[in-house]
$ cat start31.txt   # compact mmCIF, C-alpha atoms
# COMPACT_ATOMS: atom_id res chain seq x y z
CA MET A 1 -5.28 12.52 -16.25
CA ALA A 2 -3.19 9.50 -17.25
CA GLY A 3 -1.29 9.16 -13.98
CA ASN A 4 1.93 7.32 -13.25
CA LEU A 5 2.16 3.65 -12.41
CA ALA A 6 1.00 2.80 -8.88
CA LYS A 7 0.74 -0.43 -6.92
CA LEU A 8 -1.26 -1.74 -3.99
CA ALA A 9 0.38 -4.61 -2.08
CA LEU A 10 -1.46 -6.70 0.50
CA GLU A 11 0.07 -8.68 3.34
CA ASP A 12 -1.07 -11.95 1.73
CA GLY A 13 1.26 -11.26 -1.22
CA THR A 14 -1.35 -9.97 -3.68
CA ILE A 15 -0.32 -7.06 -5.93
CA TYR A 16 -2.71 -4.76 -7.80
CA THR A 17 -1.32 -2.46 -10.48
CA GLY A 18 -3.05 0.71 -11.61
CA ARG A 19 -2.55 4.42 -12.24
CA SER A 20 -1.87 6.96 -9.54
CA PHE A 21 -3.89 10.06 -8.72
CA GLY A 22 -3.66 12.42 -5.81
CA ALA A 23 -0.21 12.73 -4.24
CA SER A 24 2.78 10.82 -5.63
CA CYS A 25 3.97 9.09 -2.48
CA GLU A 26 3.63 5.94 -0.42
CA MET A 27 1.29 5.22 2.48
CA THR A 28 0.49 2.20 4.62
CA GLY A 29 -2.70 1.14 6.37
CA GLU A 30 -5.44 -1.41 6.80
CA VAL A 31 -7.13 -1.96 3.43
CA VAL A 32 -10.93 -1.85 3.75
CA PHE A 33 -13.89 -1.25 1.44
CA ASN A 34 -16.96 1.00 1.54
CA THR A 35 -20.16 0.18 -0.38
CA SER A 36 -21.56 3.74 -0.54
CA MET A 37 -22.42 5.07 -3.99
CA ALA A 38 -21.72 8.67 -2.95
CA GLY A 39 -20.38 10.61 0.03
CA TYR A 40 -16.69 10.13 -0.71
CA GLN A 41 -15.78 13.50 0.82
CA GLU A 42 -17.46 12.61 4.09
CA ILE A 43 -15.65 9.26 4.01
CA LEU A 44 -12.28 10.86 3.32
CA THR A 45 -12.66 13.31 6.21
CA ASP A 46 -14.15 10.89 8.77
CA PRO A 47 -11.53 10.47 11.56
CA SER A 48 -12.73 6.89 12.07
CA TYR A 49 -10.80 6.02 8.89
CA ARG A 50 -7.49 7.02 10.42
CA GLY A 51 -4.84 4.46 9.50
CA GLN A 52 -6.89 2.91 6.68
CA ILE A 53 -6.69 2.71 2.89
CA VAL A 54 -10.27 2.83 1.61
CA CYS A 55 -11.55 1.13 -1.54
CA MET A 56 -14.90 2.31 -2.90
CA THR A 57 -17.04 -0.45 -4.43
CA TYR A 58 -19.04 1.95 -6.63
CA PRO A 59 -16.94 2.28 -9.81
CA MET A 60 -16.82 6.05 -10.43
CA MET A 61 -15.74 8.66 -7.88
CA GLY A 62 -15.01 12.39 -8.04
CA ASN A 63 -18.12 13.24 -10.08
CA TYR A 64 -19.21 16.15 -7.92
CA GLY A 65 -15.82 17.39 -6.76
CA ILE A 66 -15.03 18.74 -3.31
CA THR A 67 -17.07 21.26 -1.30
CA PRO A 68 -15.56 22.57 1.99
CA GLU A 69 -18.99 22.74 3.66
CA ASP A 70 -19.22 18.94 3.41
CA ASP A 71 -16.07 18.19 5.41
CA GLU A 72 -16.48 16.08 8.57
CA SER A 73 -13.11 17.16 10.05
CA PRO A 74 -10.34 19.68 9.29
CA ARG A 75 -8.63 17.47 6.66
CA PRO A 76 -8.79 14.06 4.99
CA GLN A 77 -8.05 11.29 7.47
CA VAL A 78 -7.57 8.22 5.23
CA SER A 79 -4.11 6.91 4.41
CA GLY A 80 -5.01 6.22 0.79
CA PHE A 81 -7.94 6.04 -1.62
CA ILE A 82 -8.80 3.32 -4.15
CA VAL A 83 -11.34 3.73 -6.98
CA ARG A 84 -12.12 1.94 -10.23
CA SER A 85 -12.35 5.19 -12.20
CA LEU A 86 -11.68 8.80 -11.24
CA THR A 87 -13.74 11.61 -12.79
CA GLU A 88 -11.22 14.18 -13.99
CA VAL A 89 -13.66 17.09 -14.46
CA PRO A 90 -16.31 17.36 -11.69
CA SER A 91 -19.80 18.65 -12.52
CA ASN A 92 -21.40 20.38 -9.54
CA PHE A 93 -22.20 24.05 -8.97
CA ARG A 94 -21.01 23.73 -5.35
CA SER A 95 -17.65 22.17 -6.21
CA GLN A 96 -14.55 24.23 -5.47
CA GLN A 97 -11.87 21.61 -6.16
CA SER A 98 -11.38 18.30 -7.91
CA LEU A 99 -10.88 15.11 -5.90
CA HIS A 100 -7.41 14.72 -7.42
CA ASP A 101 -6.30 18.22 -6.43
CA TYR A 102 -7.77 17.77 -2.95
CA LEU A 103 -5.69 14.66 -2.31
CA VAL A 104 -2.57 16.31 -3.75
CA GLN A 105 -3.07 19.25 -1.38
CA HIS A 106 -3.15 16.90 1.62
CA ASN A 107 -0.43 14.51 0.44
CA ILE A 108 -2.70 11.46 0.18
CA PRO A 109 -2.14 8.91 -2.62
CA GLY A 110 -4.82 7.31 -4.74
CA ILE A 111 -4.92 4.46 -7.23
CA GLN A 112 -7.37 3.76 -10.05
CA GLY A 113 -7.64 1.69 -13.18
CA PHE A 114 -7.75 -1.90 -11.93
CA ASP A 115 -10.57 -4.33 -11.08
CA THR A 116 -11.63 -3.18 -7.63
CA ARG A 117 -14.25 -5.95 -7.60
CA ALA A 118 -11.43 -8.49 -7.31
CA LEU A 119 -9.93 -6.58 -4.38
CA VAL A 120 -13.27 -6.38 -2.54
CA ARG A 121 -13.94 -10.09 -3.04
CA ARG A 122 -10.51 -10.90 -1.62
CA LEU A 123 -11.15 -8.71 1.43
CA ARG A 124 -14.56 -10.31 1.98
CA VAL A 125 -13.15 -13.83 1.77
CA ARG A 126 -9.88 -13.33 3.65
CA GLY A 127 -10.78 -10.30 5.76
CA ALA A 128 -9.36 -6.78 5.95
CA MET A 129 -5.59 -6.79 5.49
CA MET A 130 -2.67 -4.47 5.97
CA GLY A 131 -1.25 -3.00 2.79
CA ILE A 132 0.93 -0.43 1.06
CA LEU A 133 -0.20 1.97 -1.67
CA SER A 134 2.81 3.33 -3.56
CA SER A 135 3.72 5.25 -6.69
CA THR A 136 7.39 5.46 -5.64
CA ASP A 137 8.54 1.95 -4.71
CA LEU A 138 7.15 -0.33 -7.44
CA ASP A 139 9.14 -3.45 -6.59
CA ASP A 140 6.70 -6.26 -5.80
CA THR A 141 9.04 -8.15 -3.48
CA SER A 142 9.85 -5.03 -1.44
CA LEU A 143 6.21 -3.97 -1.16
CA VAL A 144 4.94 -7.37 -0.02
CA ARG A 145 7.77 -7.82 2.48
CA ARG A 146 7.04 -4.46 4.09
CA ALA A 147 3.25 -5.00 4.01
CA ARG A 148 3.72 -8.22 5.97
CA SER A 149 5.72 -6.40 8.63
CA LEU A 150 3.00 -3.81 9.35
CA PRO A 151 1.23 -4.00 12.73
CA GLY A 152 -2.46 -4.87 12.48
CA MET A 153 -5.32 -2.68 13.68
CA SER A 154 -5.93 -4.78 16.80
CA GLY A 155 -4.29 -3.20 19.83
CA GLN A 156 -3.78 0.19 18.18
CA ASP A 157 -4.90 3.37 19.96
CA LEU A 158 -5.41 5.80 17.08
CA VAL A 159 -7.64 8.14 19.09
CA LYS A 160 -4.62 10.12 20.29
CA GLU A 161 -3.82 10.96 16.65
CA VAL A 162 -7.17 12.67 16.03
CA VAL A 163 -8.30 13.95 19.45
CA PRO A 164 -8.55 17.78 19.66
CA ASP A 165 -6.00 19.71 21.70
CA ALA A 166 -8.50 21.78 23.67
CA LYS A 167 -12.22 22.19 24.33
CA LEU A 168 -14.39 24.09 21.87
CA ASP A 169 -17.82 25.69 22.17
CA TRP A 170 -19.65 24.44 19.09
CA HIS A 171 -21.84 26.87 17.15
CA GLY A 172 -24.18 25.99 14.31
CA GLY A 173 -26.81 23.38 13.64
CA CYS A 174 -28.08 22.02 10.33
CA ASP A 175 -27.92 25.19 8.25
CA HIS A 176 -28.59 23.79 4.76
CA PRO A 177 -32.30 23.59 3.75
CA LEU A 178 -31.99 19.88 3.01
CA THR A 179 -30.35 19.01 6.33
CA GLN A 180 -32.91 21.09 8.23
CA GLN A 181 -35.47 18.43 7.29
CA MET A 182 -33.63 15.93 9.50
CA LEU A 183 -34.45 17.54 12.85
CA ALA A 184 -36.73 20.28 14.06
CA GLN A 185 -34.75 23.24 15.40
CA LEU A 186 -35.08 23.56 19.18
CA PRO A 187 -33.59 26.25 21.43
CA PRO A 188 -30.23 25.03 22.85
CA ASN A 189 -31.13 24.93 26.54
CA LYS A 190 -29.30 21.74 27.60
CA HIS A 191 -25.53 21.76 27.99
CA VAL A 192 -23.91 18.66 26.46
CA LEU A 193 -20.24 17.77 26.70
CA ALA A 194 -19.19 15.86 23.59
CA LEU A 195 -16.16 13.67 24.27
CA ASP A 196 -14.28 13.83 20.98
CA PHE A 197 -12.44 10.62 20.11
CA GLY A 198 -12.40 11.58 16.42
CA MET A 199 -15.86 13.07 15.99
CA LYS A 200 -17.60 13.79 12.70
CA TRP A 201 -18.75 17.41 12.55
CA ASN A 202 -22.32 16.55 11.60
CA ILE A 203 -22.82 15.05 15.07
CA PRO A 204 -22.54 18.36 17.00
CA ARG A 205 -24.64 19.96 14.25
CA CYS A 206 -27.42 17.43 14.96
CA LEU A 207 -27.04 17.81 18.72
CA THR A 208 -27.35 21.59 18.35
CA GLN A 209 -30.37 21.20 16.09
CA ALA A 210 -32.03 18.94 18.68
CA GLY A 211 -31.74 21.56 21.43
CA CYS A 212 -28.26 21.15 22.93
CA GLN A 213 -25.58 23.68 23.72
CA VAL A 214 -22.53 21.65 22.74
CA THR A 215 -19.04 21.91 24.18
CA VAL A 216 -16.57 19.63 22.39
CA ILE A 217 -13.89 18.33 24.75
CA PRO A 218 -10.87 16.07 24.17
CA GLY A 219 -11.63 12.40 24.68
CA THR A 220 -8.56 12.25 26.91
CA MET A 221 -10.09 14.56 29.54
CA PRO A 222 -10.38 12.86 32.97
CA ALA A 223 -13.75 12.29 34.62
CA GLU A 224 -13.11 14.77 37.44
CA GLU A 225 -12.68 17.67 35.00
CA ILE A 226 -15.74 16.60 33.03
CA LEU A 227 -17.98 16.48 36.10
CA ALA A 228 -16.64 19.84 37.29
CA MET A 229 -18.24 21.39 34.18
CA LYS A 230 -21.67 20.14 35.42
CA PRO A 231 -23.12 19.00 32.08
CA ASP A 232 -26.75 18.11 31.51
CA GLY A 233 -25.63 15.23 29.29
CA ILE A 234 -22.52 13.54 27.94
CA PHE A 235 -22.02 12.39 24.37
CA LEU A 236 -19.41 9.76 23.37
CA SER A 237 -18.20 10.18 19.79
CA ASN A 238 -16.99 7.93 17.02
CA GLY A 239 -13.28 7.47 16.39
CA PRO A 240 -10.60 5.15 14.96
CA GLY A 241 -8.71 2.06 16.06
CA ASP A 242 -9.25 -0.71 18.57
CA PRO A 243 -11.63 0.34 21.39
CA ALA A 244 -9.98 -2.03 23.86
CA ALA A 245 -6.71 -0.10 23.44
CA VAL A 246 -8.30 3.18 24.60
CA ASP A 247 -8.10 2.22 28.27
CA TYR A 248 -8.07 5.80 29.60
CA ALA A 249 -11.43 6.52 27.96
CA ILE A 250 -12.91 3.28 29.27
CA GLN A 251 -11.89 4.22 32.82
CA THR A 252 -13.31 7.73 32.40
CA ILE A 253 -16.66 6.50 31.09
CA ARG A 254 -16.90 3.98 33.93
CA LYS A 255 -16.60 6.84 36.42
CA LEU A 256 -19.22 8.90 34.55
CA ILE A 257 -21.91 6.20 34.45
CA GLY A 258 -24.78 7.19 36.70
CA THR A 259 -23.85 10.87 36.94
CA THR A 260 -25.75 12.18 33.90
CA PRO A 261 -27.59 11.00 30.76
CA MET A 262 -25.20 9.55 28.18
CA PHE A 263 -25.38 8.78 24.44
CA GLY A 264 -22.68 7.06 22.38
CA ILE A 265 -22.12 6.50 18.66
CA CYS A 266 -19.76 3.99 16.98
CA LEU A 267 -16.49 3.97 18.98
CA GLY A 268 -18.43 5.68 21.79
CA HIS A 269 -20.82 2.71 21.72
CA GLN A 270 -17.91 0.26 21.94
CA LEU A 271 -16.21 2.18 24.75
CA LEU A 272 -19.48 2.30 26.69
CA GLY A 273 -19.81 -1.45 26.25
CA LEU A 274 -16.30 -2.04 27.59
CA ALA A 275 -16.91 0.36 30.49
CA THR A 276 -19.99 -1.59 31.57
CA GLY A 277 -18.15 -4.93 31.45
CA ALA A 278 -18.92 -6.19 27.93
CA LYS A 279 -16.30 -7.38 25.44
CA THR A 280 -15.45 -6.25 21.91
CA PHE A 281 -14.11 -8.21 18.95
CA LYS A 282 -12.73 -7.48 15.48
CA LEU A 283 -15.05 -8.09 12.55
CA LYS A 284 -13.70 -10.00 9.54
CA PHE A 285 -14.04 -7.10 7.11
CA GLY A 286 -16.18 -4.61 9.03
CA HIS A 287 -19.30 -2.65 8.16
CA ARG A 288 -18.62 0.33 5.91
CA GLY A 289 -21.36 1.77 3.75
CA ALA A 290 -24.67 3.61 3.63
CA ASN A 291 -26.99 0.63 3.20
CA GLN A 292 -26.80 -1.44 6.41
CA PRO A 293 -30.25 -2.62 7.60
CA VAL A 294 -30.74 -2.41 11.38
CA LEU A 295 -33.75 -3.69 13.33
CA ASP A 296 -35.05 -1.61 16.25
CA HIS A 297 -36.31 -4.22 18.74
CA ARG A 298 -38.61 -1.75 20.46
CA THR A 299 -40.63 -0.71 17.40
CA GLY A 300 -40.01 -3.53 14.93
CA LYS A 301 -38.94 -0.98 12.34
CA VAL A 302 -35.92 -1.42 10.08
CA GLU A 303 -33.56 1.53 9.66
CA ILE A 304 -31.22 1.92 6.67
CA THR A 305 -28.01 3.12 8.26
CA THR A 306 -24.55 4.43 7.52
CA GLN A 307 -21.76 2.53 9.23
CA ASN A 308 -17.98 2.59 9.51
CA HIS A 309 -16.47 0.20 12.00
CA GLY A 310 -14.14 -2.77 12.16
CA PHE A 311 -14.87 -3.75 15.77
CA ALA A 312 -18.14 -4.61 17.51
CA VAL A 313 -19.54 -5.23 20.99
CA ASP A 314 -20.19 -8.90 21.71
CA ALA A 315 -23.93 -9.10 22.42
CA ASN A 316 -23.46 -12.28 24.45
CA SER A 317 -21.13 -10.47 26.83
CA LEU A 318 -23.53 -7.68 27.82
CA PRO A 319 -23.86 -7.41 31.62
CA ALA A 320 -27.26 -7.77 33.27
CA SER A 321 -27.52 -3.98 33.57
CA MET A 322 -27.53 -3.55 29.75
CA GLU A 323 -29.96 -4.75 27.09
CA ALA A 324 -29.72 -4.95 23.30
CA THR A 325 -31.96 -2.52 21.40
CA HIS A 326 -30.79 -2.84 17.77
CA THR A 327 -29.45 -5.68 15.63
CA ASN A 328 -27.74 -5.74 12.23
CA LEU A 329 -29.93 -7.78 9.87
CA ASN A 330 -27.00 -8.77 7.64
CA ASP A 331 -24.93 -10.62 10.24
CA GLY A 332 -26.82 -10.40 13.54
CA THR A 333 -24.23 -8.26 15.34
CA LEU A 334 -25.18 -5.81 18.07
CA GLU A 335 -26.08 -2.34 16.77
CA GLY A 336 -27.56 -0.67 19.84
CA MET A 337 -27.91 -1.06 23.61
CA ARG A 338 -29.25 0.77 26.63
CA HIS A 339 -28.99 0.66 30.40
CA ARG A 340 -31.99 -0.98 32.03
CA GLU A 341 -32.33 1.68 34.74
CA LEU A 342 -30.22 4.73 33.82
CA PRO A 343 -30.70 7.17 30.87
CA ILE A 344 -27.72 5.72 29.00
CA PHE A 345 -27.83 4.30 25.47
CA SER A 346 -25.69 3.92 22.36
CA VAL A 347 -25.71 2.75 18.74
CA GLN A 348 -22.99 1.30 16.55
CA TYR A 349 -24.17 3.10 13.39
CA HIS A 350 -24.20 6.81 12.43
CA PRO A 351 -27.62 8.49 12.82
CA GLU A 352 -26.18 11.84 11.72
CA ALA A 353 -25.19 10.54 8.27
CA SER A 354 -28.65 10.67 6.58
CA SER A 355 -28.50 7.35 4.76
CA GLY A 356 -32.20 6.55 5.36
CA PRO A 357 -32.12 9.54 4.90
CA HIS A 358 -33.84 10.39 8.21
CA ASP A 359 -34.46 6.94 9.67
CA SER A 360 -32.29 7.38 12.76
CA THR A 361 -32.44 11.05 13.73
CA TYR A 362 -34.94 10.20 16.48
CA LEU A 363 -31.94 9.14 18.58
CA PHE A 364 -30.82 12.76 18.99
CA GLU A 365 -34.33 13.68 20.11
CA GLU A 366 -34.32 10.79 22.59
CA PHE A 367 -31.04 12.01 24.03
CA ARG A 368 -32.43 15.52 24.40
CA LYS A 369 -35.55 14.21 26.16
CA SER A 370 -33.49 12.05 28.51
CA MET A 371 -32.04 15.25 29.99
CA GLY A 372 -35.47 16.39 31.14
$ encode --input "start31.txt" --output "structure tokens"
Amino acid sequence: MAGNLAKLALEDGTIYTGRSFGASCEMTGEVVFNTSMAGYQEILTDPSYRGQIVCMTYPMMGNYGITPEDDESPRPQVSGFIVRSLTEVPSNFRSQQSLHDYLVQHNIPGIQGFDTRALVRRLRVRGAMMGILSSTDLDDTSLVRRARSLPGMSGQDLVKEVVPDAKLDWHGGCDHPLTQQMLAQLPPNKHVLALDFGMKWNIPRCLTQAGCQVTVIPGTMPAEEILAMKPDGIFLSNGPGDPAAVDYAIQTIRKLIGTTPMFGICLGHQLLGLATGAKTFKLKFGHRGANQPVLDHRTGKVEITTQNHGFAVDANSLPASMEATHTNLNDGTLEGMRHRELPIFSVQYHPEASSGPHDSTYLFEEFRKSMG
């Protein structure tokens, strides 16, 4: 697939020229990179990537095609996709569609055929930047001018773009033989309300596997309605954008603290931090990949984790009621915390994503046990 000419323009004036794949169109977003060698379908469909153009550091993508069972949400969520080289003919008995056709179907542009190492080095040195990926407007001056006018990720509430419209009773745990190795199947005898701020589907699968009856509810639901459902536990999901901009969720979580056991992941971790009085900040280029080492302070063990976040909780701002439980060994940022007295805890990384591959699944079991 030769592809037409395509360009990626960054707000600092840099232009990358390559060949298009996927949809022939133009999209804008924050340009970020992911260091995973595989898992591109899960990355594409992760709602936490809403509003972002993702560059993969591993050079070849599309090798194993697209399999609907591997989706983490109803459709791809990224604004655009950047790879060094696209595999035109996938080789995988499970594959039902090529990566190119999948992106065409969902009107998402891609670009390949340039040195993605140079792009990643620029993002590491200068930080994540806003950009435009286009196969329609190819004028450098126009692209750079418009890239510079884009609003940054700070201050953006993107949760409202991915939050579900109504509650849903979730059915189904880890059905595949490989994923069943992650968690022992327990009878679902604890009712958990999962506040969906842009939740990956493997999270309710893991909660179900660990012995929870899961009801997925919109992250915009007020605390009074949540408490009226009398849950045994509350889960706070991942999601996109700046956590400080999701003020309604922060207020809701603040009202829920102390009413029931609570467990948060990623954005849920950040929102919990803000609700308890901590502060969040934007990372220079974020953590996105399946190889982030995290130290568990309680056991001294190191977990290899999957992560996708551009914001973090400031460990120095934790109130006296909260304590740090996990730390990122690459940059020392906070990766986990818990309440000193209440059954409330959270992690910044994704224990459902199997990067270790099973290093972090104990967190779902801890949540189940916290409900008695």
$ axis_aligned_box --input "start31.txt" --around "region 115-120 of chain A" --padding-each-side "3 Å" --output "AutoDock Vina command-line options"
--center_x -12.1 --center_y -5.8 --center_z -6.8 --size_x 10.3 --size_y 11.3 --size_z 14.5
$ residues_around --input "start31.txt" --residues "Ser360 (chain A)" --least-positions-apart "3" --cutoff "12 Å" --atoms "only C-alpha atoms" --output "tab-separated table (two decimals) with C-alpha atoms, keeping the file's coordinate frame"
chain	number	residue	atom	x	y	z
A	182	MET	CA	-33.63	15.93	9.50
A	183	LEU	CA	-34.45	17.54	12.85
A	206	CYS	CA	-27.42	17.43	14.96
A	265	ILE	CA	-22.12	6.50	18.66
A	293	PRO	CA	-30.25	-2.62	7.60
A	294	VAL	CA	-30.74	-2.41	11.38
A	295	LEU	CA	-33.75	-3.69	13.33
A	296	ASP	CA	-35.05	-1.61	16.25
A	301	LYS	CA	-38.94	-0.98	12.34
A	302	VAL	CA	-35.92	-1.42	10.08
A	303	GLU	CA	-33.56	1.53	9.66
A	304	ILE	CA	-31.22	1.92	6.67
A	305	THR	CA	-28.01	3.12	8.26
A	306	THR	CA	-24.55	4.43	7.52
A	326	HIS	CA	-30.79	-2.84	17.77
A	336	GLY	CA	-27.56	-0.67	19.84
A	347	VAL	CA	-25.71	2.75	18.74
A	348	GLN	CA	-22.99	1.30	16.55
A	349	TYR	CA	-24.17	3.10	13.39
A	350	HIS	CA	-24.20	6.81	12.43
A	351	PRO	CA	-27.62	8.49	12.82
A	352	GLU	CA	-26.18	11.84	11.72
A	353	ALA	CA	-25.19	10.54	8.27
A	354	SER	CA	-28.65	10.67	6.58
A	355	SER	CA	-28.50	7.35	4.76
A	356	GLY	CA	-32.20	6.55	5.36
A	357	PRO	CA	-32.12	9.54	4.90
A	363	LEU	CA	-31.94	9.14	18.58
A	364	PHE	CA	-30.82	12.76	18.99
A	365	GLU	CA	-34.33	13.68	20.11
A	366	GLU	CA	-34.32	10.79	22.59
$ closest_residue --input "start31.txt" --among "A:Pro204, A:Pro109, A:Pro76, A:Pro68" --to "Arg19 (chain A)" --atoms "all atoms listed in the file"
A:Pro109
$ residues_around --input "start31.txt" --residues "region 240-253 of chain A" --least-positions-apart "2" --cutoff "7 Å" --atoms "all atoms listed in the file" --output "JSON, numbers by chain"
{"A": [47, 48, 49, 50, 153, 154, 155, 156, 157, 158, 159, 198, 219, 220, 222, 223, 255, 256, 257, 267, 270, 271, 272, 274, 275, 311]}
$ closest_residue --input "start31.txt" --among "A:Ser95, A:Met37, A:Gly18, A:Ser79" --to "Gly65 (chain A)" --atoms "all atoms listed in the file"
A:Ser95
$ residues_near_point --input "start31.txt" --point "(-9.9, 16.9, 14.8)" --cutoff "8 Å" --atoms "only C-alpha atoms" --output "short mmCIF file (atom, residue, chain, number, x, y, z; two decimals) with C-alpha atoms, keeping the file's coordinate frame"
data_model
loop_
_atom_site.label_atom_id
_atom_site.label_comp_id
_atom_site.auth_asym_id
_atom_site.auth_seq_id
_atom_site.Cartn_x
_atom_site.Cartn_y
_atom_site.Cartn_z
CA PRO A 47 -11.53 10.47 11.56
CA SER A 73 -13.11 17.16 10.05
CA PRO A 74 -10.34 19.68 9.29
CA VAL A 162 -7.17 12.67 16.03
CA VAL A 163 -8.30 13.95 19.45
CA PRO A 164 -8.55 17.78 19.66
CA GLY A 198 -12.40 11.58 16.42
CA MET A 199 -15.86 13.07 15.99
#
$ atom_distance --input "start31.txt" --atom1 "CA of Arg84 (chain A)" --atom2 "CA of Cys266 (chain A)"
28.3 Å
$ atom_distance --input "start31.txt" --atom1 "CA of Met60 (chain A)" --atom2 "CA of Ser85 (chain A)"
4.9 Å
